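Note sheet for the following structure.
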Number of protein chains: 2
Amino acid sequence: MQVLAMTDVIRLAHGSGGEASRSLIAFFVEKYLANPIIEGLEDSAVVRHKGSRIAFTTDSYVVSPIFFPGGDIGSLAINGTVNDLSMVGARPLALTLSLIIEEGFAFKDLERIIDSVSKAARRAGVEIVGGDTKVVERGSADGIFVNTAGLGVVGDGIEISASGARPGDAVIISGSIGDHGVAVLSKREGLGFETIVESDTAPLNRLVEKMLGVTTEIHAMRDPTRGGLATALNEIASRSGVRVTIDESCVPIRPEVQRACDMFGLDPFYVANEGKLVAFVPKAFADRMIEAMRMTDVGKEAAIIGEVEAEDTGLVILNTSVGGQRILSPLSGELLPRIC
Amino acid sequence: MQVLAMTDVIRLAHGSGGEASRSLIAFFVEKYLANPIIEGLEDSAVVRHKGSRIAFTTDSYVVSPIFFPGGDIGSLAINGTVNDLSMVGARPLALTLSLIIEEGFAFKDLERIIDSVSKAARRAGVEIVGGDTKVVERGSADGIFVNTAGLGVVGDGIEISASGARPGDAVIISGSIGDHGVAVLSKREGLGFETIVESDTAPLNRLVEKMLGVTTEIHAMRDPTRGGLATALNEIASRSGVRVTIDESCVPIRPEVQRACDMFGLDPFYVANEGKLVAFVPKAFADRMIEAMRMTDVGKEAAIIGEVEAEDTGLVILNTSVGGQRILSPLSGELLPRIC
């Protein structure tokens, strides 16, 4: 890794979901936690028990502010964990919910979050089966942090992995990118745009069900959260050992998101999404897949945005709107702290 | 619940594991999250899938200080989740690890914690299969918070529940009480006793395996963490609808723990343990159970400490060392914040 010496400290970039996160995690996994499952670094671990494949995942949420247009830390946590299960093709069975609350946190805000958790769980069709509540002294946390863990079951014949993309695959995005990051950032900065951008936070399990109805031959899938679409594509390209080409003009971006990104000096390819997926499927299935996706409320704007060209060391090439080509690298540094 | 109005705020007592925690959780579970599994409020949820019963649990750890005699936040988190799985008789299959780290946290402390996580997992014979890392700005968290979730499998014929105790059961404790709480508190307060009290943090899965080897007829089991032995006994008594009698003189308490408790004005029955269990088993098995437990390193001081007298509304009666009787009530208020 990029030499984290014993005298060093953890920086915000280590939680960015980009290169610094990746190298920190790789260091600890290799040195202390090595096993074939964690080394896969999938969105969910898949544990075998008797004839079943059980998907298991966790995420902590520290988003600031906790309430933002289109969602809050509660719905974000539920959807995020449902989506991590969905990305390996698992059907969510149950979630847990663990809260770390700062002393003095308003009861009405806590109730609003739990109400949101409940509604998000109902929307995804999954139940909260257990949890934990810790309270720390005033000043020892920033309001509330939420952890969700998820349990799911992978159906027979489904083998989706970040390392499964192969030449001949089409690259599909389920909708517009950058909405979540812009929604949180504009609320945080207290900016009023003429159009309010809402977070796309949503459960993707029913969308994935539809997609698996077209074919179980989905080779790779990711929800492009921290680090954005660029980072998710790079993870898949490098782990699969393929070269991916993306047509910039095919990637849906809302005009108001683009405007906000221009204003903040951000590239929407690196901005977090919380209700989108990118999937790699054989070209032969791509049109039928898009058709099926567009029949769901979260997949209405699904689009083919590129293809896997060849085996390679893992480059992502962007054919730009103006007719050029450039390498789309993974996120380095911390773009937006506490975006999820 | 004890009327938490919309104008109220969350207090430290809501995270104590005592009455305030219980009523807060009961309020949210009933109003927003009701389902038969979460309503059981067991240490682990048990989810059915095909022929299997999958145990699923989570806990967040906010202990302060993060390093204390006998352990640290890393070993505590692993052991705590292994133990929650064990309390429903499940064999742990896999854990996840999620970190919330304050910007500026020393890398060497993080490495020390991950090393401890790794060693604790190896000791329990369980693997970390996934995780998450978030970093928040300086001042937005107190060093590091750790969440672990756990996945396990409940074997055939095992039906252990906090509501399963019944008349004729013996009450067994696996060893001395109060060690963890006193270890953390003495470190936090910077007190040097003539004898250093070490936390009892340890995995209980192999002890439970031994116990299940004697009989699968363990009716109820809990690890008495936050809220201590008194609170765990009250939970079992009230949920099982029985009256429990405990002989104070039979409960193992180290002299140095008793001395520390006297100094701090604490009752060891309410002080947290992190490597102990209390089990309710038919009297006919009690002696053999004790014998098997004493053959393990974490059960060497196992003892019969009481019995279930009759069906009732759920009282716990303490026969005191001086020959009196008193009601042992559950913890109310916050005894020791951030003990786990």
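Identifiers in this document derive from the order of the structure tokens: chains are assigned A, B, ..., residues are numbered from 1 separately in each chain, and ligands are numbered from 1 in order of occurrence.
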
Could you give me, as a Markdown table, every chain B residue with an atom at most 7 Å from chain A, plus its closest atom pair and distance in Å to one decimal, counting only C-alpha atoms, rows ordered by chain then number?
| residue | atom | partner | partner_atom | distance |
| --- | --- | --- | --- | --- |
| B:Met6 | CA | A:Lys108 | CA | 5.1 |
| B:Thr7 | CA | A:Phe107 | CA | 6.9 |
| B:Asp8 | CA | A:Phe107 | CA | 5.5 |
| B:Val9 | CA | A:Ala106 | CA | 4.4 |
| B:Ile10 | CA | A:Gly104 | CA | 5.2 |
| B:Arg11 | CA | A:Glu103 | CA | 5.1 |
| B:Leu12 | CA | A:Val135 | CA | 5.4 |
| B:His14 | CA | A:Val135 | CA | 6.7 |
| B:Gly15 | CA | A:Lys134 | CA | 4.6 |
| B:Tyr32 | CA | A:Ser118 | CA | 5.8 |
| B:Leu33 | CA | A:Ser118 | CA | 6.1 |
| B:Ile37 | CA | A:Val129 | CA | 5.6 |
| B:Ile38 | CA | A:Val129 | CA | 4.5 |
| B:Ala45 | CA | A:Val129 | CA | 5.9 |
| B:Thr57 | CA | A:Gly130 | CA | 6.4 |
| B:Thr58 | CA | A:Gly131 | CA | 6.0 |
| B:Asp59 | CA | A:Asp132 | CA | 5.5 |
| B:Ser60 | CA | A:Ser98 | CA | 6.4 |
| B:Thr96 | CA | A:Thr58 | CA | 6.5 |
| B:Ser98 | CA | A:Ser60 | CA | 6.4 |
| B:Glu103 | CA | A:Arg11 | CA | 5.1 |
| B:Gly104 | CA | A:Val9 | CA | 5.0 |
| B:Phe105 | CA | A:Ile10 | CA | 5.3 |
| B:Ala106 | CA | A:Val9 | CA | 4.4 |
| B:Phe107 | CA | A:Val9 | CA | 4.9 |
| B:Lys108 | CA | A:Met6 | CA | 5.1 |
| B:Ile114 | CA | A:Tyr32 | CA | 7.0 |
| B:Asp115 | CA | A:Tyr32 | CA | 6.2 |
| B:Ser118 | CA | A:Tyr32 | CA | 5.8 |
| B:Ile128 | CA | A:Leu33 | CA | 6.7 |
| B:Val129 | CA | A:Ile38 | CA | 4.5 |
| B:Gly130 | CA | A:Ile38 | CA | 5.3 |
| B:Gly131 | CA | A:Thr58 | CA | 6.0 |
| B:Asp132 | CA | A:Asp59 | CA | 5.5 |
| B:Thr133 | CA | A:Gly15 | CA | 5.9 |
| B:Lys134 | CA | A:Gly15 | CA | 4.6 |
| B:Val135 | CA | A:Gly15 | CA | 4.7 |
| B:Val136 | CA | A:Leu12 | CA | 6.5 |
| B:Glu137 | CA | A:Leu12 | CA | 6.9 |
| B:Ser140 | CA | A:Asp142 | CA | 4.9 |
| B:Ala141 | CA | A:Ala141 | CA | 4.2 |
| B:Asp142 | CA | A:Ser140 | CA | 4.9 |
| B:Ala149 | CA | A:Ala149 | CA | 6.5 |
| B:Arg338 | CA | A:Val136 | CA | 6.6 |

May I have the residues from that selection written out with N, CA and C atoms, as a compact mmCIF listing (two decimals), in the first residue's frame?
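Generated file (result33.txt):
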# COMPACT_ATOMS: atom_id res chain seq x y z
N MET B 6 -42.34 14.14 22.54
CA MET B 6 -41.68 14.62 21.33
C MET B 6 -40.66 15.71 21.64
N THR B 7 -40.79 16.32 22.78
CA THR B 7 -39.85 17.39 23.15
C THR B 7 -38.62 16.84 23.88
N ASP B 8 -38.62 15.55 24.13
CA ASP B 8 -37.54 14.96 24.92
C ASP B 8 -36.29 14.70 24.10
N VAL B 9 -35.23 14.42 24.81
CA VAL B 9 -33.97 14.07 24.16
C VAL B 9 -33.49 12.71 24.67
N ILE B 10 -32.60 12.12 23.90
CA ILE B 10 -32.01 10.83 24.29
C ILE B 10 -30.96 11.08 25.37
N ARG B 11 -31.03 10.26 26.41
CA ARG B 11 -30.08 10.39 27.52
C ARG B 11 -29.18 9.15 27.57
N LEU B 12 -28.09 9.27 28.29
CA LEU B 12 -27.16 8.15 28.40
C LEU B 12 -27.86 6.89 28.88
N HIS B 14 -30.57 5.70 28.07
CA HIS B 14 -31.22 4.96 26.98
C HIS B 14 -30.28 3.95 26.32
N GLY B 15 -29.00 4.04 26.63
CA GLY B 15 -28.04 3.08 26.09
C GLY B 15 -27.47 2.17 27.17
N TYR B 32 -43.11 0.66 15.13
CA TYR B 32 -42.57 0.76 13.76
C TYR B 32 -42.01 -0.54 13.18
N LEU B 33 -41.57 -1.45 14.01
CA LEU B 33 -40.79 -2.57 13.47
C LEU B 33 -41.39 -3.93 13.82
N ILE B 37 -40.09 -12.05 14.98
CA ILE B 37 -38.69 -12.34 15.33
C ILE B 37 -38.13 -11.25 16.23
N ILE B 38 -38.26 -9.99 15.83
CA ILE B 38 -37.67 -8.92 16.64
C ILE B 38 -38.37 -8.83 18.00
N ALA B 45 -31.40 -13.00 16.45
CA ALA B 45 -32.62 -13.36 15.72
C ALA B 45 -32.41 -14.74 15.10
N THR B 57 -27.20 -11.55 14.23
CA THR B 57 -27.13 -10.59 15.33
C THR B 57 -26.18 -9.46 15.01
N THR B 58 -26.32 -8.34 15.72
CA THR B 58 -25.41 -7.21 15.55
C THR B 58 -25.22 -6.48 16.86
N ASP B 59 -24.07 -5.84 17.03
CA ASP B 59 -23.82 -4.95 18.17
C ASP B 59 -22.82 -3.90 17.75
N SER B 60 -23.02 -2.68 18.24
CA SER B 60 -22.03 -1.63 18.06
C SER B 60 -21.28 -1.45 19.37
N THR B 96 -19.08 -9.91 10.27
CA THR B 96 -18.65 -8.73 9.54
C THR B 96 -18.12 -7.71 10.54
N SER B 98 -17.43 -3.47 10.93
CA SER B 98 -17.63 -2.14 10.36
C SER B 98 -17.06 -1.09 11.31
N GLU B 103 -11.19 11.17 12.10
CA GLU B 103 -10.01 11.72 11.39
C GLU B 103 -8.90 12.01 12.41
N GLY B 104 -7.69 11.61 12.09
CA GLY B 104 -6.57 11.86 12.99
C GLY B 104 -6.27 10.71 13.93
N PHE B 105 -7.10 9.65 13.90
CA PHE B 105 -6.88 8.47 14.75
C PHE B 105 -5.54 7.84 14.34
N ALA B 106 -4.77 7.42 15.33
CA ALA B 106 -3.43 6.90 15.04
C ALA B 106 -3.50 5.57 14.30
N PHE B 107 -2.74 5.48 13.23
CA PHE B 107 -2.70 4.24 12.46
C PHE B 107 -2.25 3.07 13.32
N LYS B 108 -1.28 3.30 14.20
CA LYS B 108 -0.77 2.19 15.03
C LYS B 108 -1.86 1.67 15.98
N ILE B 114 -7.09 -4.07 14.86
CA ILE B 114 -7.34 -5.09 13.83
C ILE B 114 -6.59 -6.38 14.17
N ASP B 115 -5.40 -6.25 14.71
CA ASP B 115 -4.65 -7.42 15.16
C ASP B 115 -5.44 -8.15 16.24
N SER B 118 -8.35 -9.94 14.75
CA SER B 118 -7.88 -11.15 14.08
C SER B 118 -7.63 -12.28 15.08
N ILE B 128 -13.88 -13.34 9.60
CA ILE B 128 -14.46 -12.05 9.20
C ILE B 128 -14.61 -12.12 7.68
N VAL B 129 -15.82 -12.02 7.17
CA VAL B 129 -16.02 -12.20 5.73
C VAL B 129 -16.34 -10.91 4.99
N GLY B 130 -16.52 -9.82 5.72
CA GLY B 130 -16.83 -8.56 5.05
C GLY B 130 -16.76 -7.42 6.02
N GLY B 131 -16.87 -6.20 5.50
CA GLY B 131 -16.79 -5.05 6.39
C GLY B 131 -17.02 -3.74 5.70
N ASP B 132 -16.76 -2.69 6.46
CA ASP B 132 -16.98 -1.33 5.96
C ASP B 132 -16.12 -0.39 6.80
N THR B 133 -15.65 0.68 6.18
CA THR B 133 -14.87 1.69 6.90
C THR B 133 -15.38 3.07 6.56
N LYS B 134 -15.76 3.81 7.59
CA LYS B 134 -16.14 5.21 7.40
C LYS B 134 -15.21 6.07 8.24
N VAL B 135 -14.91 7.27 7.74
CA VAL B 135 -14.09 8.21 8.50
C VAL B 135 -14.89 9.50 8.64
N VAL B 136 -14.97 10.04 9.87
CA VAL B 136 -15.67 11.31 10.09
C VAL B 136 -14.66 12.36 10.57
N GLU B 137 -15.03 13.61 10.41
CA GLU B 137 -14.12 14.72 10.74
C GLU B 137 -13.73 14.69 12.21
N SER B 140 -16.08 14.66 15.41
CA SER B 140 -17.40 14.10 15.11
C SER B 140 -17.58 12.68 15.64
N ALA B 141 -16.53 12.09 16.20
CA ALA B 141 -16.64 10.79 16.88
C ALA B 141 -15.52 10.76 17.91
N ASP B 142 -15.58 9.81 18.83
CA ASP B 142 -14.56 9.74 19.87
C ASP B 142 -13.58 8.59 19.55
N ALA B 149 -21.43 -7.79 13.06
CA ALA B 149 -22.65 -8.56 12.89
C ALA B 149 -22.22 -10.01 12.75
N ARG B 338 -20.80 3.73 28.27
CA ARG B 338 -19.73 3.28 27.37
C ARG B 338 -18.86 2.19 27.96

Proximity of segment 158-212 of chain B to segment 329-336 of chain B: per-residue shortest pair, 12 Å limit, only C-alpha atoms, as CSV:
residue,atom,partner,partner_atom,distance
B:Gly178,CA,B:Leu336,CA,11.9
B:His180,CA,B:Leu336,CA,11.4
B:Gly181,CA,B:Leu336,CA,7.9
B:Val182,CA,B:Leu336,CA,9.9
B:Ala183,CA,B:Leu336,CA,11.9
B:Val184,CA,B:Leu336,CA,9.6
B:Leu185,CA,B:Leu336,CA,8.0
B:Ser186,CA,B:Leu336,CA,11.6
B:Arg188,CA,B:Leu336,CA,10.8
B:Glu189,CA,B:Leu336,CA,11.8

query = Near Ala220 of chain A, counting only C-alpha atoms, which residues have an atom at most 6 Å away, once you skip same-chain residues fewer than 3 positions from it, shown as a list of chain:residue names?
reply = A:Ile160, A:Ser161, A:Ala162, A:Gly164, A:Ala165, A:Ala279, A:Phe280

task = Tell me, as JSON, numbers by chain, which residues lie within 10 Å of segment 290-307 of chain B, counting only C-alpha atoms; anything in the same chain fewer than 6 positions away does not count.
result = {"B": [165, 166, 167, 168, 169, 170, 171, 172, 173, 174, 175, 176, 200, 201, 202, 203, 204, 206, 207, 208, 209, 210, 211, 212, 213, 214, 243, 244, 245, 246, 247, 248, 249, 250, 251, 252, 275, 276, 277, 278, 279, 280, 281, 282, 283, 317, 318, 319]}

ask   = Which is closer to Val257 of chain A than all the others in A:Asp179, A:Glu198, A:Glu159, A:Asp84, using only C-alpha atoms?
value =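 Closest candidate: A:Asp179.
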
ask   = Where in segment 62-199 of chain A does DSSP assign alpha helix (DSSP H), given as a ChimeraX atom specification?
value = /A:73-86,107-124,179-188

Take the residues from that selection and put them in a file with C-alpha atoms, as a tab-separated table (two decimals), in the first residue's frame.
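Generated file (result37.tsv):
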chain	number	residue	atom	x	y	z
A	73	ILE	CA	-29.89	8.31	7.26
A	74	GLY	CA	-32.62	5.72	8.01
A	75	SER	CA	-33.84	5.04	4.48
A	76	LEU	CA	-30.26	5.30	3.21
A	77	ALA	CA	-29.10	2.57	5.60
A	78	ILE	CA	-31.91	0.18	4.72
A	79	ASN	CA	-31.64	0.72	0.97
A	80	GLY	CA	-27.85	0.53	1.05
A	81	THR	CA	-27.84	-2.87	2.69
A	82	VAL	CA	-30.68	-4.22	0.56
A	83	ASN	CA	-28.65	-3.10	-2.46
A	84	ASP	CA	-25.42	-4.71	-1.29
A	85	LEU	CA	-27.32	-8.01	-1.02
A	86	SER	CA	-28.91	-7.45	-4.41
A	107	PHE	CA	-36.39	12.14	20.35
A	108	LYS	CA	-38.55	13.46	17.50
A	109	ASP	CA	-35.60	13.16	15.09
A	110	LEU	CA	-34.94	9.61	16.26
A	111	GLU	CA	-38.60	8.76	15.76
A	112	ARG	CA	-38.53	10.29	12.28
A	113	ILE	CA	-35.51	8.12	11.41
A	114	ILE	CA	-37.08	4.92	12.75
A	115	ASP	CA	-40.28	5.72	10.83
A	116	SER	CA	-38.17	6.11	7.70
A	117	VAL	CA	-36.37	2.82	8.42
A	118	SER	CA	-39.73	1.12	8.77
A	119	LYS	CA	-41.08	2.54	5.50
A	120	ALA	CA	-37.91	1.73	3.56
A	121	ALA	CA	-37.94	-1.84	4.88
A	122	ARG	CA	-41.58	-2.23	3.91
A	123	ARG	CA	-40.89	-0.86	0.42
A	124	ALA	CA	-38.08	-3.39	-0.06
A	179	ASP	CA	-28.23	12.54	-7.74
A	180	HIS	CA	-27.48	11.41	-4.18
A	181	GLY	CA	-24.19	13.25	-3.79
A	182	VAL	CA	-25.59	16.48	-5.17
A	183	ALA	CA	-28.71	16.25	-2.98
A	184	VAL	CA	-26.63	15.84	0.21
A	185	LEU	CA	-24.08	18.44	-0.76
A	186	SER	CA	-26.60	21.10	-1.70
A	187	LYS	CA	-28.42	20.59	1.62
A	188	ARG	CA	-25.14	20.64	3.54

key: Option closest in space to Met221 of chain A, from A:Pro255, A:Gly89, A:Gly71, A:Gly324 [counting only C-alpha atoms]   =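 Distance minimum relative to Met221 of chain A lands on A:Gly89.
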
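Distance check against Gly70 of chain A using only C-alpha atoms: of A:Leu191, A:Ala284, A:Val197, A:Val308, the minimum falls on A:Val197.
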
ask   = What separation in Å, quoted to one decimal, exists between atom CA of Phe68 of chain B and atom CA of Ala232 of chain B?
value = 24.0 Å

remark   = For Asn273 of chain B, the closest of B:Val322, B:Leu229, B:Leu328, B:Leu315 counting only C-alpha atoms is B:Leu229

d(atom CA of Ala230 of chain A, atom CA of Asp262 of chain A) in Å = 17.2 Å

ask   = By how many Å are atom CA of Asn205 of chain A and atom CA of Arg91 of chain B apart?
value =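 Spanning atom CA of Asn205 of chain A to atom CA of Arg91 of chain B is a straight-line distance of 29.0 Å.
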